[in-house]
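Taking it in order: structure first as structure tokens, then the write-up.
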Amino acid sequence: MSGPTFLEGDGVTLCPADRSDLDFLCEHENDPRVRSSRAVVTPTSADQVTARLGGTMGQNEESVGLLVRAEDEPVGFVYLVREESNALEFQFAELAYWIAHEHWNEGYATAAVAAVLEYGFDELGLHRVKAATFADNEASQRVLELSLIHISER
């Protein structure tokens with residue numbers, strides 16, 4: 001079972017992944033359908049996944065990586081990877097996420113992204129978050145559009 005709930009969204013909880021989540025993470029990060037929607041060209045090893053356990057991203061303690069759970073079942077992962085800024089007064093991060101194929105089009109990505117963006121701006125003090133999708137990934141583009149609307153309406 002994953003760590004305690006860190007953030008809650010609309011129908012999802014975000015929590016630090018632990019060793020019990022390794023099989024889920026390795027299986028779904030390497031699923032060709034999931035991998036084809038991400039900028040990942042090589043298989044993800046268990047060691048790479050292990051570096052993301054505990055809620056941070058390995059050696060980058062300022063980056064956040066959280067397991068997405070729905071109805072107490074893991075369904076995906078969401079990241080806010082902190083970037084070095086040229087000016088101390090600005091804080092940046094890159095947003096990334098994936099949802100297991102069998103849970104696509106259920107709204108989990110949208111809910112997870114909204115929750116982690118609120119956290120990034122409100123708690124981490126981020127000034128800018130960037131994200132990118134492939135041109136043919138209309139579902140991911142819609143997640144980002146809805147998230148932008150959500151953040152702007154707060």
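Labeling convention for the structure tokens: chains A, B, ... as they appear, residues from 1 per chain, ligands from 1 in order of appearance.
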
Neighbour list for Gly125 of chain A as a ChimeraX atom specification, cut-off 7 Å, only C-alpha atoms, skip fewer than 4 positions in-chain: /A:91,120-121

Going by DSSP on the backbone, which residues of chain A come out as alpha helix (DSSP H)? List them as a PyMOL selection string. chain A and resi 22-29+32-35+46-50+108-122+138-152

Measuring atom to atom with only C-alpha atoms, identify which of A:Val12, A:Val78, A:Ala70, A:Val40 is nearest to Val116 of chain A.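 Answer, going by the shortest atom-to-atom distance: A:Val78.
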
What is the atom CA of Arg35 of chain A-atom CA of Leu67 of chain A distance in Å, reported with one decimal?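 Going from atom CA of Arg35 of chain A over to atom CA of Leu67 of chain A covers 16.8 Å.
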
Shell of 9 Å around Leu117 of chain A, only C-alpha atoms, local chain residues under 5 positions omitted, as a ChimeraX atom specification: /A:80,95,112,122,129,147,151

Env of Glu71 of chain A: 12 Å cut, atoms = only C-alpha atoms, seq-sep filter 3 positions within chain, self excluded. Answer as a PDB file with all heavy atoms, in the first residue's frame.
ATOM      1  N   GLU A   8      -5.342  15.707  -2.243  1.00  0.00           N
ATOM      2  CA  GLU A   8      -6.589  15.136  -2.727  1.00  0.00           C
ATOM      3  C   GLU A   8      -7.099  15.982  -3.878  1.00  0.00           C
ATOM      4  O   GLU A   8      -6.959  17.196  -3.877  1.00  0.00           O
ATOM      5  CB  GLU A   8      -7.628  15.092  -1.610  1.00  0.00           C
ATOM      6  CG  GLU A   8      -7.262  14.107  -0.525  1.00  0.00           C
ATOM      7  CD  GLU A   8      -8.369  13.925   0.495  1.00  0.00           C
ATOM      8  OE1 GLU A   8      -9.541  13.844   0.083  1.00  0.00           O
ATOM      9  OE2 GLU A   8      -8.035  13.861   1.684  1.00  0.00           O
ATOM     10  N   ASP A  10     -10.296  15.790  -7.275  1.00  0.00           N
ATOM     11  CA  ASP A  10     -11.655  15.375  -7.583  1.00  0.00           C
ATOM     12  C   ASP A  10     -11.672  13.884  -7.932  1.00  0.00           C
ATOM     13  O   ASP A  10     -11.448  13.505  -9.078  1.00  0.00           O
ATOM     14  CB  ASP A  10     -12.190  16.212  -8.739  1.00  0.00           C
ATOM     15  CG  ASP A  10     -13.641  15.930  -9.044  1.00  0.00           C
ATOM     16  OD1 ASP A  10     -14.348  15.365  -8.194  1.00  0.00           O
ATOM     17  OD2 ASP A  10     -14.082  16.283 -10.156  1.00  0.00           O
ATOM     18  N   GLY A  11     -11.896  13.032  -6.943  1.00  0.00           N
ATOM     19  CA  GLY A  11     -11.962  11.591  -7.171  1.00  0.00           C
ATOM     20  C   GLY A  11     -10.621  10.883  -7.144  1.00  0.00           C
ATOM     21  O   GLY A  11     -10.556   9.694  -7.435  1.00  0.00           O
ATOM     22  N   VAL A  12      -9.551  11.600  -6.804  1.00  0.00           N
ATOM     23  CA  VAL A  12      -8.227  10.979  -6.728  1.00  0.00           C
ATOM     24  C   VAL A  12      -7.533  11.402  -5.447  1.00  0.00           C
ATOM     25  O   VAL A  12      -7.838  12.448  -4.869  1.00  0.00           O
ATOM     26  CB  VAL A  12      -7.316  11.343  -7.930  1.00  0.00           C
ATOM     27  CG1 VAL A  12      -7.903  10.853  -9.237  1.00  0.00           C
ATOM     28  CG2 VAL A  12      -7.020  12.822  -7.974  1.00  0.00           C
ATOM     29  N   THR A  13      -6.606  10.571  -5.014  1.00  0.00           N
ATOM     30  CA  THR A  13      -5.665  10.959  -3.968  1.00  0.00           C
ATOM     31  C   THR A  13      -4.271  10.818  -4.540  1.00  0.00           C
ATOM     32  O   THR A  13      -4.011   9.949  -5.384  1.00  0.00           O
ATOM     33  CB  THR A  13      -5.813  10.078  -2.704  1.00  0.00           C
ATOM     34  OG1 THR A  13      -5.635   8.712  -3.064  1.00  0.00           O
ATOM     35  CG2 THR A  13      -7.162  10.272  -2.050  1.00  0.00           C
ATOM     36  N   LEU A  14      -3.392  11.685  -4.112  1.00  0.00           N
ATOM     37  CA  LEU A  14      -2.002  11.655  -4.542  1.00  0.00           C
ATOM     38  C   LEU A  14      -1.162  11.355  -3.314  1.00  0.00           C
ATOM     39  O   LEU A  14      -1.305  12.020  -2.277  1.00  0.00           O
ATOM     40  CB  LEU A  14      -1.581  12.990  -5.160  1.00  0.00           C
ATOM     41  CG  LEU A  14      -2.456  13.510  -6.302  1.00  0.00           C
ATOM     42  CD1 LEU A  14      -1.913  14.833  -6.825  1.00  0.00           C
ATOM     43  CD2 LEU A  14      -2.575  12.503  -7.406  1.00  0.00           C
ATOM     44  N   VAL A  68      -0.923   8.378  -8.314  1.00  0.00           N
ATOM     45  CA  VAL A  68      -2.334   8.760  -8.423  1.00  0.00           C
ATOM     46  C   VAL A  68      -3.162   7.531  -8.081  1.00  0.00           C
ATOM     47  O   VAL A  68      -2.979   6.469  -8.678  1.00  0.00           O
ATOM     48  CB  VAL A  68      -2.677   9.251  -9.851  1.00  0.00           C
ATOM     49  CG1 VAL A  68      -4.143   9.647  -9.947  1.00  0.00           C
ATOM     50  CG2 VAL A  68      -1.758  10.406 -10.263  1.00  0.00           C
ATOM     51  N   PRO A  74      -4.069   2.125  -7.462  1.00  0.00           N
ATOM     52  CA  PRO A  74      -3.168   2.972  -8.237  1.00  0.00           C
ATOM     53  C   PRO A  74      -3.608   3.044  -9.695  1.00  0.00           C
ATOM     54  O   PRO A  74      -3.976   2.033 -10.288  1.00  0.00           O
ATOM     55  CB  PRO A  74      -1.810   2.274  -8.107  1.00  0.00           C
ATOM     56  CG  PRO A  74      -2.124   0.861  -7.775  1.00  0.00           C
ATOM     57  CD  PRO A  74      -3.439   0.873  -7.047  1.00  0.00           C
ATOM     58  N   VAL A  75      -3.608   4.259 -10.239  1.00  0.00           N
ATOM     59  CA  VAL A  75      -4.020   4.444 -11.632  1.00  0.00           C
ATOM     60  C   VAL A  75      -3.006   5.221 -12.457  1.00  0.00           C
ATOM     61  O   VAL A  75      -3.130   5.282 -13.678  1.00  0.00           O
ATOM     62  CB  VAL A  75      -5.414   5.120 -11.739  1.00  0.00           C
ATOM     63  CG1 VAL A  75      -6.493   4.253 -11.118  1.00  0.00           C
ATOM     64  CG2 VAL A  75      -5.416   6.513 -11.124  1.00  0.00           C
ATOM     65  N   TYR A 108      -8.998  10.939 -14.390  1.00  0.00           N
ATOM     66  CA  TYR A 108      -7.983  10.886 -13.336  1.00  0.00           C
ATOM     67  C   TYR A 108      -6.809  11.810 -13.610  1.00  0.00           C
ATOM     68  O   TYR A 108      -6.278  12.445 -12.688  1.00  0.00           O
ATOM     69  CB  TYR A 108      -7.492   9.453 -13.126  1.00  0.00           C
ATOM     70  CG  TYR A 108      -8.582   8.510 -12.690  1.00  0.00           C
ATOM     71  CD1 TYR A 108      -8.683   7.242 -13.241  1.00  0.00           C
ATOM     72  CD2 TYR A 108      -9.520   8.876 -11.730  1.00  0.00           C
ATOM     73  CE1 TYR A 108      -9.681   6.363 -12.844  1.00  0.00           C
ATOM     74  CE2 TYR A 108     -10.521   8.014 -11.329  1.00  0.00           C
ATOM     75  CZ  TYR A 108     -10.595   6.757 -11.884  1.00  0.00           C
ATOM     76  OH  TYR A 108     -11.577   5.895 -11.493  1.00  0.00           O
TER      77      TYR A 108
END

Skipping near chain neighbours, those fewer than 4 positions away, what residues fall within 8 Å of Gly3 of chain A using only C-alpha atoms, listed as a VMD selection string? chain A and resid 15 to 18 54

Which of segment 28-95 of chain A end up as strand (DSSP E) when DSSP is run on this backbone - answer as a list of chain:residue names?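 Residues meeting the strand (DSSP E) criterion: A:Thr56, A:Met57, A:Asn60, A:Glu61, A:Glu62, A:Ser63, A:Val64, A:Gly65, A:Leu66, A:Leu67, A:Val68, A:Arg69, A:Ala70, A:Glu73, A:Pro74, A:Val75, A:Gly76, A:Phe77, A:Val78, A:Tyr79, A:Leu80, A:Val81, A:Arg82, A:Glu83, A:Phe92, A:Ala93, A:Glu94, A:Leu95.
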
From the set A:Ala115, A:Ala46, A:Ala135, A:Val64, which residue has the shortest atom-to-atom contact distance to Cys26 of chain A, counting only C-alpha atoms? A:Ala46

Contacts of Trp104 of chain A at 10 Å (only C-alpha atoms; same-chain gap of 6+ positions) as a PyMOL selection string: chain A and resi 34+75-76+98+139

When you look at Thr50 of chain A with a cut-off of 12 Å (counting only C-alpha atoms), what residues show up, excluding the ones that are within fewer than 3 positions of it in the same chain? I need them as a compact mmCIF listing (two decimals) with all heavy atoms, in the first residue's frame.
# COMPACT_ATOMS: atom_id res chain seq x y z
N PRO A 16 2.81 9.50 -1.81
CA PRO A 16 4.13 8.98 -2.15
C PRO A 16 4.04 7.49 -2.46
O PRO A 16 3.36 6.74 -1.76
CB PRO A 16 4.96 9.21 -0.88
CG PRO A 16 4.20 10.21 -0.09
CD PRO A 16 2.77 10.03 -0.44
N ALA A 17 4.70 7.08 -3.51
CA ALA A 17 4.77 5.65 -3.83
C ALA A 17 5.77 4.98 -2.91
O ALA A 17 6.73 5.61 -2.47
CB ALA A 17 5.18 5.46 -5.29
N ASP A 18 5.53 3.71 -2.61
CA ASP A 18 6.49 2.95 -1.82
C ASP A 18 6.81 1.64 -2.55
O ASP A 18 6.34 1.40 -3.66
CB ASP A 18 6.02 2.74 -0.38
CG ASP A 18 4.76 1.92 -0.26
OD1 ASP A 18 4.46 1.10 -1.17
OD2 ASP A 18 4.06 2.07 0.75
N ARG A 19 7.61 0.80 -1.93
CA ARG A 19 8.05 -0.44 -2.58
C ARG A 19 6.89 -1.32 -3.05
O ARG A 19 7.03 -2.03 -4.04
CB ARG A 19 8.98 -1.22 -1.66
CG ARG A 19 10.30 -0.51 -1.45
CD ARG A 19 11.41 -1.50 -1.14
NE ARG A 19 12.68 -0.81 -1.10
CZ ARG A 19 13.45 -0.59 -2.15
NH1 ARG A 19 13.09 -1.01 -3.32
NH2 ARG A 19 14.60 0.05 -2.02
N SER A 20 5.77 -1.26 -2.37
CA SER A 20 4.63 -2.08 -2.79
C SER A 20 4.05 -1.63 -4.13
O SER A 20 3.29 -2.36 -4.75
CB SER A 20 3.53 -2.08 -1.71
OG SER A 20 2.94 -0.80 -1.61
N ASP A 21 4.43 -0.44 -4.58
CA ASP A 21 3.93 0.10 -5.86
C ASP A 21 4.88 -0.17 -7.02
O ASP A 21 4.58 0.19 -8.16
CB ASP A 21 3.70 1.61 -5.72
CG ASP A 21 2.70 1.94 -4.65
OD1 ASP A 21 1.59 1.39 -4.69
OD2 ASP A 21 3.04 2.75 -3.75
N LEU A 22 6.04 -0.76 -6.76
CA LEU A 22 7.04 -0.96 -7.81
C LEU A 22 6.51 -1.74 -9.00
O LEU A 22 6.74 -1.35 -10.15
CB LEU A 22 8.28 -1.68 -7.25
CG LEU A 22 9.30 -0.81 -6.55
CD1 LEU A 22 10.39 -1.67 -5.95
CD2 LEU A 22 9.88 0.22 -7.49
N ASP A 23 5.81 -2.84 -8.76
CA ASP A 23 5.30 -3.64 -9.88
C ASP A 23 4.35 -2.84 -10.74
O ASP A 23 4.44 -2.85 -11.97
CB ASP A 23 4.62 -4.92 -9.38
CG ASP A 23 5.60 -5.94 -8.83
OD1 ASP A 23 6.81 -5.83 -9.13
OD2 ASP A 23 5.15 -6.84 -8.10
N PHE A 24 3.43 -2.11 -10.11
CA PHE A 24 2.48 -1.28 -10.86
C PHE A 24 3.23 -0.24 -11.70
O PHE A 24 2.97 -0.08 -12.89
CB PHE A 24 1.50 -0.58 -9.90
CG PHE A 24 0.68 0.48 -10.59
CD1 PHE A 24 -0.44 0.14 -11.31
CD2 PHE A 24 1.05 1.82 -10.52
CE1 PHE A 24 -1.19 1.11 -11.97
CE2 PHE A 24 0.32 2.80 -11.17
CZ PHE A 24 -0.80 2.44 -11.90
N LEU A 25 4.16 0.47 -11.07
CA LEU A 25 4.88 1.53 -11.77
C LEU A 25 5.71 0.98 -12.93
O LEU A 25 5.68 1.51 -14.04
CB LEU A 25 5.76 2.31 -10.79
CG LEU A 25 4.99 3.11 -9.74
CD1 LEU A 25 5.94 3.63 -8.66
CD2 LEU A 25 4.21 4.24 -10.37
N CYS A 26 6.46 -0.09 -12.69
CA CYS A 26 7.29 -0.67 -13.76
C CYS A 26 6.42 -1.19 -14.90
O CYS A 26 6.73 -0.96 -16.08
CB CYS A 26 8.16 -1.79 -13.21
SG CYS A 26 9.54 -1.22 -12.20
N THR A 44 11.97 1.69 -18.65
CA THR A 44 12.20 2.18 -17.29
C THR A 44 12.58 1.00 -16.42
O THR A 44 11.85 0.01 -16.35
CB THR A 44 10.92 2.85 -16.75
OG1 THR A 44 10.54 3.91 -17.64
CG2 THR A 44 11.15 3.43 -15.36
N SER A 45 13.72 1.11 -15.74
CA SER A 45 14.19 0.02 -14.90
C SER A 45 13.59 0.14 -13.50
O SER A 45 13.13 1.21 -13.08
CB SER A 45 15.71 0.04 -14.81
OG SER A 45 16.13 1.14 -14.03
N ALA A 46 13.67 -0.95 -12.76
CA ALA A 46 13.21 -0.93 -11.36
C ALA A 46 14.03 0.07 -10.55
O ALA A 46 13.50 0.73 -9.65
CB ALA A 46 13.29 -2.33 -10.76
N ASP A 47 15.32 0.21 -10.86
CA ASP A 47 16.16 1.18 -10.14
C ASP A 47 15.70 2.61 -10.41
O ASP A 47 15.69 3.44 -9.50
CB ASP A 47 17.63 1.04 -10.55
CG ASP A 47 18.28 -0.21 -9.98
OD1 ASP A 47 17.73 -0.79 -9.00
OD2 ASP A 47 19.33 -0.62 -10.51
N LEU A 53 10.46 6.74 -5.40
CA LEU A 53 9.64 6.37 -4.25
C LEU A 53 9.79 7.42 -3.16
O LEU A 53 10.81 8.08 -3.05
CB LEU A 53 10.06 5.00 -3.71
CG LEU A 53 9.92 3.82 -4.67
CD1 LEU A 53 10.35 2.53 -3.98
CD2 LEU A 53 8.50 3.69 -5.20
N GLY A 54 8.75 7.59 -2.38
CA GLY A 54 8.82 8.51 -1.24
C GLY A 54 8.34 9.91 -1.52
O GLY A 54 8.34 10.76 -0.64
N GLY A 55 7.95 10.22 -2.76
CA GLY A 55 7.37 11.52 -3.07
C GLY A 55 8.31 12.52 -3.70
O GLY A 55 7.86 13.54 -4.19
N THR A 56 9.62 12.25 -3.67
CA THR A 56 10.55 13.15 -4.34
C THR A 56 11.14 12.41 -5.53
O THR A 56 10.90 11.23 -5.72
CB THR A 56 11.67 13.61 -3.39
OG1 THR A 56 12.38 12.47 -2.92
CG2 THR A 56 11.10 14.40 -2.22
N MET A 57 11.92 13.11 -6.30
CA MET A 57 12.47 12.53 -7.53
C MET A 57 13.95 12.23 -7.37
O MET A 57 14.80 12.92 -7.91
CB MET A 57 12.23 13.48 -8.69
CG MET A 57 10.78 13.83 -8.92
SD MET A 57 9.80 12.44 -9.43
CE MET A 57 10.44 12.18 -11.05
N GLY A 58 14.26 11.22 -6.56
CA GLY A 58 15.65 10.82 -6.38
C GLY A 58 16.47 11.89 -5.71
O GLY A 58 16.14 12.34 -4.62
N GLN A 59 17.52 12.34 -6.37
CA GLN A 59 18.43 13.32 -5.78
C GLN A 59 17.86 14.73 -5.81
O GLN A 59 18.35 15.60 -5.12
CB GLN A 59 19.77 13.28 -6.49
CG GLN A 59 20.48 11.96 -6.31
CD GLN A 59 21.78 11.90 -7.07
OE1 GLN A 59 22.11 12.79 -7.84
NE2 GLN A 59 22.52 10.84 -6.86
N GLY A 65 7.03 13.70 -7.05
CA GLY A 65 6.49 12.62 -7.86
C GLY A 65 5.51 11.83 -7.00
O GLY A 65 5.89 11.29 -5.97

Of the candidates A:Ala114, A:Glu83, A:Asp31, A:Arg154, which shows the shortest atom-to-atom distance to Ala100 of chain A, using only C-alpha atoms?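 Comparing A:Ala114, A:Glu83, A:Asp31, A:Arg154 against Ala100 of chain A, the winner is A:Asp31.
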